[in-house]
$ cat structure03.cif   # mmCIF, C-alpha atoms and all ligand atoms
data_my_file
loop_
_atom_site.label_atom_id
_atom_site.label_comp_id
_atom_site.auth_asym_id
_atom_site.auth_seq_id
_atom_site.Cartn_x
_atom_site.Cartn_y
_atom_site.Cartn_z
CA MET R 134 -16.06 -7.28 -6.33
CA TYR R 135 -12.34 -6.81 -7.06
CA GLU R 136 -9.61 -9.21 -7.95
CA ARG R 137 -7.46 -10.30 -5.04
CA SER R 138 -3.72 -9.69 -5.33
CA ILE R 139 -0.46 -9.83 -3.43
CA ALA R 140 1.79 -6.76 -3.54
CA PRO R 141 5.35 -7.65 -2.51
CA SER R 142 7.00 -4.91 -0.43
CA ILE R 143 10.58 -4.38 -1.51
CA LEU R 144 11.46 -3.18 1.99
CA SER R 145 12.45 -6.77 2.71
CA ALA R 146 14.38 -7.22 -0.55
CA ASP R 147 18.15 -7.00 -0.95
CA PHE R 148 18.58 -3.39 -2.10
CA ALA R 149 21.97 -4.18 -3.65
CA ARG R 150 20.25 -6.42 -6.18
CA LEU R 151 16.86 -4.75 -6.34
CA GLY R 152 16.24 -5.14 -10.07
CA ALA R 153 16.78 -8.88 -9.93
CA GLU R 154 14.65 -9.23 -6.79
CA VAL R 155 11.75 -7.38 -8.43
CA ALA R 156 12.12 -9.42 -11.62
CA GLU R 157 11.82 -12.59 -9.56
CA VAL R 158 8.33 -11.70 -8.33
CA ALA R 159 7.12 -9.63 -11.30
CA GLU R 160 5.77 -12.59 -13.23
CA VAL R 161 3.32 -13.49 -10.45
CA VAL R 162 2.13 -10.06 -9.25
CA PRO R 163 0.52 -6.99 -10.82
CA THR R 164 2.00 -4.56 -8.28
CA ILE R 165 5.26 -3.80 -6.48
CA HIS R 166 4.87 -1.99 -3.13
CA VAL R 167 7.55 0.65 -2.51
CA ASP R 168 7.88 2.00 1.05
CA VAL R 169 9.20 5.55 1.13
CA MET R 170 10.16 6.69 4.66
CA ASP R 171 11.70 10.03 5.62
CA GLY R 172 12.93 9.55 9.20
CA HIS R 173 10.32 12.06 10.41
CA TYR R 174 6.89 10.52 9.91
CA VAL R 175 8.42 7.21 11.02
CA PRO R 176 11.72 6.51 12.78
CA ASN R 177 13.31 4.94 9.71
CA ILE R 178 14.73 6.04 6.34
CA THR R 179 14.37 3.83 3.29
CA LEU R 180 14.50 5.09 -0.28
CA GLY R 181 13.32 7.89 -2.50
CA HIS R 182 13.43 9.47 -5.94
CA PRO R 183 16.44 7.77 -7.59
CA VAL R 184 15.27 4.32 -6.55
CA VAL R 185 11.74 4.92 -7.84
CA ALA R 186 13.20 6.17 -11.14
CA SER R 187 15.40 3.08 -11.42
CA LEU R 188 12.51 0.78 -10.59
CA ARG R 189 10.46 2.46 -13.32
CA ARG R 190 13.11 1.49 -15.85
CA ALA R 191 13.44 -2.01 -14.41
CA THR R 192 9.82 -3.19 -14.35
CA ASP R 193 6.49 -2.69 -16.08
CA ARG R 194 4.54 -3.71 -12.96
CA VAL R 195 2.40 -1.11 -11.17
CA LEU R 196 4.63 0.86 -8.79
CA ASP R 197 2.62 1.42 -5.61
CA CYS R 198 4.47 4.01 -3.52
CA HIS R 199 3.50 4.05 0.15
CA LEU R 200 4.64 7.39 1.51
CA MET R 201 5.44 7.42 5.20
CA ILE R 202 6.63 11.02 5.08
CA THR R 203 5.55 14.31 6.63
CA ASP R 204 5.43 16.29 3.38
CA PRO R 205 3.59 14.26 0.73
CA ALA R 206 2.36 17.43 -1.04
CA THR R 207 5.95 18.23 -2.05
CA TYR R 208 7.24 14.76 -2.83
CA ALA R 209 4.28 12.70 -4.07
CA PRO R 210 3.89 14.68 -7.34
CA GLN R 211 7.62 14.34 -7.97
CA LEU R 212 7.45 10.57 -7.51
CA VAL R 213 4.58 10.39 -10.00
CA GLU R 214 6.72 12.39 -12.43
CA LEU R 215 9.44 9.77 -11.98
CA GLY R 216 7.08 6.92 -12.79
CA ALA R 217 5.06 5.96 -9.71
CA ASP R 218 1.68 4.68 -10.92
CA HIS R 219 0.02 4.81 -7.54
CA VAL R 220 0.69 6.85 -4.40
CA THR R 221 -0.71 6.24 -0.94
CA PHE R 222 -0.13 8.85 1.76
CA HIS R 223 -1.08 9.27 5.41
CA PRO R 224 -3.50 12.22 5.22
CA GLU R 225 -3.27 13.46 8.82
CA VAL R 226 0.00 15.24 7.98
CA GLU R 227 -1.59 17.22 5.15
CA ASP R 228 -3.57 20.47 5.51
CA ASP R 229 -5.59 19.81 2.38
CA PRO R 230 -5.49 16.10 1.55
CA LEU R 231 -8.31 16.40 -0.97
CA ALA R 232 -6.33 18.93 -3.02
CA LEU R 233 -3.36 16.55 -3.09
CA ILE R 234 -5.59 13.65 -4.15
CA HIS R 235 -6.92 15.72 -7.07
CA ARG R 236 -3.48 16.95 -8.02
CA LEU R 237 -2.07 13.41 -8.19
CA ARG R 238 -5.07 12.16 -10.13
CA ASP R 239 -4.66 15.03 -12.59
CA GLN R 240 -1.13 13.76 -13.13
CA GLY R 241 -2.60 10.39 -14.08
CA ALA R 242 -1.78 8.49 -10.90
CA SER R 243 -4.14 6.49 -8.76
CA VAL R 244 -4.24 7.57 -5.13
CA GLY R 245 -4.72 5.98 -1.73
CA VAL R 246 -5.00 7.13 1.84
CA ALA R 247 -3.66 5.17 4.79
CA ILE R 248 -4.68 4.76 8.40
CA LYS R 249 -2.33 3.67 11.15
CA PRO R 250 -3.43 1.06 13.73
CA ALA R 251 -4.53 3.77 16.19
CA HIS R 252 -6.57 5.68 13.60
CA PRO R 253 -10.30 5.06 13.26
CA LEU R 254 -11.85 4.76 9.81
CA ALA R 255 -13.79 7.94 10.59
CA MET R 256 -10.52 9.85 10.18
CA VAL R 257 -10.61 9.31 6.41
CA THR R 258 -14.27 8.75 5.49
CA GLU R 259 -14.62 12.21 3.95
CA LEU R 260 -11.82 11.28 1.52
CA LEU R 261 -13.00 7.80 0.58
CA ALA R 262 -15.29 8.88 -2.24
CA HIS R 263 -12.26 10.48 -3.93
CA VAL R 264 -9.59 7.77 -3.70
CA ASP R 265 -8.76 4.54 -5.49
CA LEU R 266 -7.50 2.75 -2.42
CA LEU R 267 -7.73 2.66 1.36
CA LEU R 268 -4.69 1.24 3.14
CA VAL R 269 -5.41 -0.23 6.55
CA MET R 270 -2.08 -0.65 8.32
CA THR R 271 -1.89 -3.90 10.25
CA VAL R 272 1.38 -2.93 11.96
CA GLU R 273 2.72 0.39 13.18
CA PRO R 274 4.37 1.89 10.05
CA GLY R 275 8.14 2.06 9.97
CA PHE R 276 9.61 -1.42 9.75
CA GLY R 277 9.16 -4.74 8.01
CA GLY R 278 8.94 -8.02 9.86
CA GLN R 279 6.60 -6.94 12.66
CA ALA R 280 3.74 -9.02 14.07
CA PHE R 281 0.28 -8.61 12.49
CA LEU R 282 -2.18 -6.66 14.66
CA PRO R 283 -5.50 -8.54 14.38
CA GLU R 284 -7.42 -5.70 16.04
CA ALA R 285 -6.90 -3.59 12.89
CA VAL R 286 -8.97 -6.01 10.81
CA GLY R 287 -12.25 -4.63 12.16
CA LYS R 288 -11.57 -1.48 10.11
CA VAL R 289 -11.41 -3.57 6.94
CA THR R 290 -14.89 -4.92 7.65
CA GLU R 291 -16.07 -1.42 8.46
CA ALA R 292 -14.61 -0.11 5.20
CA VAL R 293 -16.36 -2.84 3.19
CA THR R 294 -19.70 -1.80 4.74
CA TRP R 295 -19.01 1.92 4.21
CA ARG R 296 -18.04 1.32 0.57
CA ALA R 297 -21.22 -0.60 -0.19
CA ARG R 298 -23.42 1.94 1.57
CA HIS R 299 -21.89 4.88 -0.28
CA HIS R 300 -21.43 3.12 -3.65
CA ALA R 301 -17.73 3.98 -3.50
CA GLU R 302 -15.13 2.16 -5.55
CA PHE R 303 -11.84 2.20 -3.63
CA ARG R 304 -9.93 -1.04 -3.15
CA ILE R 305 -8.89 -2.07 0.35
CA GLN R 306 -5.24 -2.85 1.02
CA VAL R 307 -3.67 -4.23 4.18
CA ASP R 308 0.00 -3.85 5.00
CA GLY R 309 2.07 -5.33 7.80
CA GLY R 310 2.60 -8.83 9.12
CA ILE R 311 0.83 -10.49 6.18
CA ALA R 312 2.04 -14.10 6.10
CA PRO R 313 0.55 -17.56 5.60
CA ALA R 314 -0.76 -17.52 9.17
CA THR R 315 -2.51 -14.14 8.89
CA VAL R 316 -3.46 -13.57 5.25
CA ALA R 317 -6.79 -15.42 5.50
CA THR R 318 -7.97 -13.21 8.38
CA ALA R 319 -7.36 -10.04 6.35
CA ALA R 320 -8.81 -11.49 3.15
CA ALA R 321 -11.92 -12.88 4.86
CA ALA R 322 -12.60 -9.39 6.23
CA GLY R 323 -12.55 -8.06 2.66
CA ALA R 324 -9.00 -6.86 1.96
CA GLU R 325 -8.27 -7.14 -1.74
CA VAL R 326 -4.64 -6.07 -1.99
CA LEU R 327 -2.38 -7.80 0.49
CA VAL R 328 1.07 -6.29 0.93
CA ALA R 329 3.72 -8.75 2.07
CA GLY R 330 7.40 -7.97 2.61
CA SER R 331 9.23 -10.49 4.73
CA ALA R 332 6.80 -13.31 3.89
CA VAL R 333 7.78 -12.95 0.22
CA PHE R 334 11.40 -11.76 0.16
CA GLY R 335 12.33 -13.81 3.20
CA ALA R 336 11.21 -16.99 1.44
CA PRO R 337 13.66 -19.15 -0.53
CA ASP R 338 11.21 -19.37 -3.46
CA ARG R 339 9.55 -15.97 -3.80
CA PRO R 340 7.04 -16.79 -6.58
CA ALA R 341 5.96 -19.86 -4.61
CA ALA R 342 5.50 -17.70 -1.50
CA VAL R 343 3.31 -15.28 -3.49
CA ARG R 344 1.23 -18.12 -4.93
CA GLU R 345 0.72 -19.63 -1.49
CA LEU R 346 -0.43 -16.29 -0.01
CA LEU R 347 -2.78 -15.70 -2.93
CA ALA R 348 -4.28 -19.19 -2.70
CA LEU R 349 -4.87 -18.76 1.04
CA ALA R 350 -6.44 -15.33 0.45
CA GLU R 351 -8.71 -16.61 -2.29
CA ALA R 352 -9.77 -19.60 -0.20
CA ALA R 353 -10.65 -17.31 2.70
CA GLY R 354 -13.59 -15.72 0.88
CA GLY R 355 -14.56 -12.24 1.99
CA ASP R 356 -15.92 -9.34 0.00
CA ALA R 357 -13.53 -9.53 -2.96
C1 LIG N 1 5.84 -1.02 7.10
C2 LIG N 1 5.68 -1.03 5.60
C3 LIG N 1 5.33 -2.35 5.05
C4 LIG N 1 6.36 -3.43 5.31
C5 LIG N 1 5.64 -4.72 5.47
O1 LIG N 1 5.81 0.28 7.57
O2 LIG N 1 4.67 -0.12 5.20
O3 LIG N 1 5.02 -2.27 3.67
O4 LIG N 1 7.29 -3.54 4.30
O5 LIG N 1 6.56 -5.68 5.84
P1 LIG N 1 6.11 -7.09 6.42
O6 LIG N 1 5.24 -7.74 5.37
O7 LIG N 1 7.40 -7.80 6.64
O8 LIG N 1 5.34 -6.83 7.69
ZN ZN N 2 3.97 -0.23 3.09
#

$ encode --input "structure03.cif" --output "structure tokens" --more "lines below"
Ligand code: DX5
Ligand code: ZN
Amino acid sequence: MYERSIAPSILSADFARLGAEVAEVAEVVPTIHVDVMDGHYVPNITLGHPVVASLRRATDRVLDCHLMITDPATYAPQLVELGADHVTFHPEVEDDPLALIHRLRDQGASVGVAIKPAHPLAMVTELLAHVDLLLVMTVEPGFGGQAFLPEAVGKVTEAVTWRARHHAEFRIQVDGGIAPATVATAAAAGAEVLVAGSAVFGAPDRPAAVRELLALAEAAGGDA
């Protein structure tokens, strides 16, 4: 149904040479995944507005901002202003997630909602007809380099079924612990966008790591 792709997460890149790190993978991916953490929603702080603005100047790839923050209604529109093409937020922190989705779309961005490992798909089904992407977290959000949680994959299968039944059009993204050993499981379940941080930026040859993950995902079959 959708093209399969790898979205490298810059969380595992060397932030002191971020432009060069992004340039290294840009030729083999459509999307760069940017993890914004505020030290409140998750116990970690990463990056924010100035880095997104700099990335916008440094690359023409799609900037996919994954907001792990408690106040997306304030900051997501600002990040779109600065050049984010896509924003995913965790909707349980928002009083009116649908209003935020519409606001971001009115700004011209595409929008996703995310569910943590403990969250059932039912938590977001009323939003799924209105978004471009569902992010199924396959680790607890907050840090790169954690082990993939296979029990989260059932929600990918469930989302594929829900999407077909409701004629919805969102893409399904997985994020956390995606590596050569796990990518096929997520792809076979129907995940189309596979975020990978340490498996890409921890590899000596990043484009080769991306190509390997993509080949494994494509070989795995699944809904995409
Ligand atoms: C975790 C972030 C992920 C992270 C993935 O909270 O949302 O995007 O960078 O890192 P890996 O691929 O190393 O698990
Ligand atoms: Zn992420």

$ residues_near_ligand --input "structure03.cif" --ligand "ligand ZN 2 (chain N)" --cutoff "7 Å" --atoms "only C-alpha atoms and all ligand atoms" --output "ChimeraX atom specification"
/R:142,166-168,199,308

$ write_last_selection --input "structure03.cif" --atoms "C-alpha atoms" --output "JSON list (two decimals), in the coordinates of the input"
[["chain", "number", "residue", "atom", "x", "y", "z"],
["R", 142, "SER", "CA", 7.00, -4.91, -0.43],
["R", 166, "HIS", "CA", 4.87, -1.99, -3.13],
["R", 167, "VAL", "CA", 7.55, 0.65, -2.51],
["R", 168, "ASP", "CA", 7.88, 2.00, 1.05],
["R", 199, "HIS", "CA", 3.50, 4.05, 0.15],
["R", 308, "ASP", "CA", 0.00, -3.85, 5.00]]

$ residues_around --input "structure03.cif" --residues "Val272 (chain R)" --least-positions-apart "6" --cutoff "10 Å" --atoms "all atoms listed in the file" --output "ChimeraX atom specification"
/R:249-251,278-283,285,307-311

$ write_last_selection --input "structure03.cif" --atoms "C-alpha atoms" --output "PDB file, keeping the file's coordinate frame"
ATOM      1  CA  LYS R 249      -2.330   3.670  11.150  1.00  0.00           C
ATOM      2  CA  PRO R 250      -3.430   1.060  13.730  1.00  0.00           C
ATOM      3  CA  ALA R 251      -4.530   3.770  16.190  1.00  0.00           C
ATOM      4  CA  GLY R 278       8.940  -8.020   9.860  1.00  0.00           C
ATOM      5  CA  GLN R 279       6.600  -6.940  12.660  1.00  0.00           C
ATOM      6  CA  ALA R 280       3.740  -9.020  14.070  1.00  0.00           C
ATOM      7  CA  PHE R 281       0.280  -8.610  12.490  1.00  0.00           C
ATOM      8  CA  LEU R 282      -2.180  -6.660  14.660  1.00  0.00           C
ATOM      9  CA  PRO R 283      -5.500  -8.540  14.380  1.00  0.00           C
ATOM     10  CA  ALA R 285      -6.900  -3.590  12.890  1.00  0.00           C
ATOM     11  CA  VAL R 307      -3.670  -4.230   4.180  1.00  0.00           C
ATOM     12  CA  ASP R 308       0.000  -3.850   5.000  1.00  0.00           C
ATOM     13  CA  GLY R 309       2.070  -5.330   7.800  1.00  0.00           C
ATOM     14  CA  GLY R 310       2.600  -8.830   9.120  1.00  0.00           C
ATOM     15  CA  ILE R 311       0.830 -10.490   6.180  1.00  0.00           C
TER      16      ILE R 311
END

$ atom_distance --input "structure03.cif" --atom1 "CA of Leu266 (chain R)" --atom2 "CA of Glu302 (chain R)"
8.3 Å

$ residues_around --input "structure03.cif" --residues "Thr164 (chain R)" --least-positions-apart "2" --cutoff "7 Å" --atoms "all atoms listed in the file" --output "ChimeraX atom specification"
/R:140,162,166,194-197

$ write_last_selection --input "structure03.cif" --atoms "C-alpha atoms" --output "PDB file, keeping the file's coordinate frame"
ATOM      1  CA  ALA R 140       1.790  -6.760  -3.540  1.00  0.00           C
ATOM      2  CA  VAL R 162       2.130 -10.060  -9.250  1.00  0.00           C
ATOM      3  CA  HIS R 166       4.870  -1.990  -3.130  1.00  0.00           C
ATOM      4  CA  ARG R 194       4.540  -3.710 -12.960  1.00  0.00           C
ATOM      5  CA  VAL R 195       2.400  -1.110 -11.170  1.00  0.00           C
ATOM      6  CA  LEU R 196       4.630   0.860  -8.790  1.00  0.00           C
ATOM      7  CA  ASP R 197       2.620   1.420  -5.610  1.00  0.00           C
TER       8      ASP R 197
END

$ residues_around --input "structure03.cif" --residues "region 325-331 of chain R" --least-positions-apart "6" --cutoff "9 Å" --atoms "all atoms listed in the file" --output "NGL selection string"
:R and (135-146 or 165-166 or 268 or 277-278 or 304-312 or 316 or 319 or 343 or 346-347 or 350 or 355-357)

$ atom_distance --input "structure03.cif" --atom1 "CA of Leu260 (chain R)" --atom2 "CA of Met201 (chain R)"
18.1 Å

$ closest_residue --input "structure03.cif" --among "R:Ala336, R:Ala217, R:Ala297, R:Met270" --to "ligand LIG 1 (chain N)" --atoms "all atoms listed in the file"
R:Met270

$ atom_distance --input "structure03.cif" --atom1 "CA of Ala232 (chain R)" --atom2 "CA of His263 (chain R)"
10.4 Å

$ residues_near_point --input "structure03.cif" --point "(-6.0, 5.6, -2.6)" --cutoff "7 Å" --atoms "all atoms listed in the file" --output "list in words"
Thr221, Ser243, Val244, Gly245, Val246, Val264, Asp265, Leu266, Leu267 and Phe303 of chain R

$ axis_aligned_box --input "structure03.cif" --around "ligand LIG 1 (chain N)" --padding-each-side "5 Å" --output "AutoDock Vina command-line options"
--center_x 6.0 --center_y -3.8 --center_z 5.7 --size_x 12.7 --size_y 18.1 --size_z 14.0

$ closest_residue --input "structure03.cif" --among "R:Glu284, R:Asp193, R:Glu157, R:Glu225" --to "Thr318 (chain R)" --atoms "all atoms listed in the file"
R:Glu284

$ closest_residue --input "structure03.cif" --among "R:Val161, R:Leu215, R:His235, R:Ala322" --to "Glu291 (chain R)" --atoms "only C-alpha atoms"
R:Ala322

$ closest_residue --input "structure03.cif" --among "R:His223, R:Arg238, R:Arg190, R:Arg150" --to "ligand LIG 1 (chain N)" --atoms "all atoms listed in the file"
R:His223

$ residues_around --input "structure03.cif" --residues "region 178-186 of chain R" --least-positions-apart "5" --cutoff "6 Å" --atoms "all atoms listed in the file" --output "PyMOL selection string"
chain R and resi 169-172+215

$ closest_residue --input "structure03.cif" --among "R:Ala317, R:Ala292, R:Val269, R:Ala206" --to "ligand LIG 1 (chain N)" --atoms "all atoms listed in the file"
R:Val269

$ closest_residue --input "structure03.cif" --among "R:Leu212, R:Ala341, R:Leu200, R:Asp239" --to "Val226 (chain R)" --atoms "all atoms listed in the file"
R:Leu200

$ residues_around --input "structure03.cif" --residues "Pro210 (chain R)" --least-positions-apart "5" --cutoff "9 Å" --atoms "all atoms listed in the file" --output "PDB file with C-alpha atoms, in the coordinates of the input"
ATOM      1  CA  PRO R 205       3.590  14.260   0.730  1.00  0.00           C
ATOM      2  CA  LEU R 215       9.440   9.770 -11.980  1.00  0.00           C
ATOM      3  CA  VAL R 220       0.690   6.850  -4.400  1.00  0.00           C
ATOM      4  CA  LEU R 233      -3.360  16.550  -3.090  1.00  0.00           C
ATOM      5  CA  ARG R 236      -3.480  16.950  -8.020  1.00  0.00           C
ATOM      6  CA  LEU R 237      -2.070  13.410  -8.190  1.00  0.00           C
ATOM      7  CA  GLN R 240      -1.130  13.760 -13.130  1.00  0.00           C
TER       8      GLN R 240
END
